[in-house]
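Below: the structure, in structure tokens.
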Amino acid sequence: MHRNQKGARKRQQQLRLWTLAEARAATPYLTSVLRSLREHHVEAQCQNRTARRLGERPGRLDRTDRIQQEEAARAAGRSQDRFQQALDELQALDIYCLDPLQGLALIPFGHDDQLAWFVFDLFDPEPLRSWRYHNDPLETRRLLSDLRESKSAEENTWLA
């Protein structure tokens, strides 16, 4: 029996690793994109809630309510599309949104021959204050001041 049949071969994906200097230089851009992500996410939730509440009203909807429900559903779809575009923009840079409402994103880098992540916090006065190893629990935050420079931080790809 063949282990790798047609198309079954696992592909290796290269992950672009960032340096701290690159991440800091990208902070204004990331702030803008994460704000947009958050706004689009909140707007989509509000419009979905409006459409759902109109649909859950007892009895049959009148013409005005049905129009409002459809407009809310369309607005939610547009907001969701804009959210997805902003998310795709981040993912094209190998940056991953952890929580759009809290404004958290993860930026990959290498440290001690391990995959690690800078934690970008939109609501922190210093958005790049912490980091974590890939295998750490999500809530783990290590201070950047504790980060030792290593040669693995200079590499720009990680095979995932």
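All residue names refer to the structure tokens as shown: chains lettered A, B, ... in order, residues numbered from 1 in each chain, ligands numbered from 1 in order.
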
_Polymer residues at most 12 Å from Leu143 of chain A, only C-alpha atoms, same-chain spacing of 3 or more positions, as a list in words_ = Trp117, Phe118, Val119, Glu126, Pro127, Leu128, Arg129, Ser130, Trp131, Arg132, Tyr133, Thr140, Asp146, Leu147 and Arg148 of chain A

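Excluding Ser36 of chain A itself and any same-chain residue fewer than 5 positions from it, the protein and nucleic acid residues within 10 Å of it, counting only C-alpha atoms, are Leu30, Thr31, His41, Val42, Arg82, Phe83, Ala86, Leu87, Pro100 and Gly103 of chain A.
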
Let me see the file: selected residues, N, CA and C atoms, as a PDB file, in the first residue's frame.
ATOM      1  N   LEU A  30      -0.569  47.906  11.261  1.00  0.00           N
ATOM      2  CA  LEU A  30      -1.313  46.868  11.972  1.00  0.00           C
ATOM      3  C   LEU A  30      -2.409  47.469  12.839  1.00  0.00           C
ATOM      4  N   THR A  31      -2.128  48.613  13.446  1.00  0.00           N
ATOM      5  CA  THR A  31      -3.141  49.298  14.247  1.00  0.00           C
ATOM      6  C   THR A  31      -4.347  49.643  13.379  1.00  0.00           C
ATOM      7  N   HIS A  41     -16.317  43.721  12.399  1.00  0.00           N
ATOM      8  CA  HIS A  41     -16.861  42.602  13.180  1.00  0.00           C
ATOM      9  C   HIS A  41     -18.033  43.073  14.040  1.00  0.00           C
ATOM     10  N   VAL A  42     -17.853  44.198  14.725  1.00  0.00           N
ATOM     11  CA  VAL A  42     -18.921  44.742  15.567  1.00  0.00           C
ATOM     12  C   VAL A  42     -20.137  45.120  14.722  1.00  0.00           C
ATOM     13  N   ARG A  82     -16.148  42.954   4.309  1.00  0.00           N
ATOM     14  CA  ARG A  82     -15.045  43.872   4.618  1.00  0.00           C
ATOM     15  C   ARG A  82     -14.153  43.295   5.721  1.00  0.00           C
ATOM     16  N   PHE A  83     -14.770  42.635   6.693  1.00  0.00           N
ATOM     17  CA  PHE A  83     -14.004  41.962   7.750  1.00  0.00           C
ATOM     18  C   PHE A  83     -13.084  40.915   7.130  1.00  0.00           C
ATOM     19  N   ALA A  86     -10.069  42.445   5.310  1.00  0.00           N
ATOM     20  CA  ALA A  86      -9.028  42.906   6.240  1.00  0.00           C
ATOM     21  C   ALA A  86      -8.289  41.719   6.847  1.00  0.00           C
ATOM     22  N   LEU A  87      -9.017  40.646   7.154  1.00  0.00           N
ATOM     23  CA  LEU A  87      -8.394  39.442   7.699  1.00  0.00           C
ATOM     24  C   LEU A  87      -7.456  38.815   6.675  1.00  0.00           C
ATOM     25  N   PRO A 100     -10.691  39.555  17.248  1.00  0.00           N
ATOM     26  CA  PRO A 100     -10.941  40.866  16.643  1.00  0.00           C
ATOM     27  C   PRO A 100     -11.553  41.873  17.625  1.00  0.00           C
ATOM     28  N   GLY A 103      -8.808  43.107  19.825  1.00  0.00           N
ATOM     29  CA  GLY A 103      -7.725  43.707  19.053  1.00  0.00           C
ATOM     30  C   GLY A 103      -6.404  42.979  19.215  1.00  0.00           C
TER      31      GLY A 103
END

_Taking only chain A into account, list the residues labelled alpha helix (DSSP H) by DSSP (computed from the backbone), as a PyMOL selection string._
chain A and resi 20-25+27-55+63-92

_Between atom CA of Gln80 of chain A and atom CA of His40 of chain A, distance in Å (one decimal)_ = 6.6 Å

*Nearest to Glu70 of chain A among A:Leu93, A:Thr50, A:Trp18, A:Pro58, with distances taken over only C-alpha atoms: which residue is it?*
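Nearest candidate to Glu70 of chain A out of A:Leu93, A:Thr50, A:Trp18, A:Pro58: A:Thr50.
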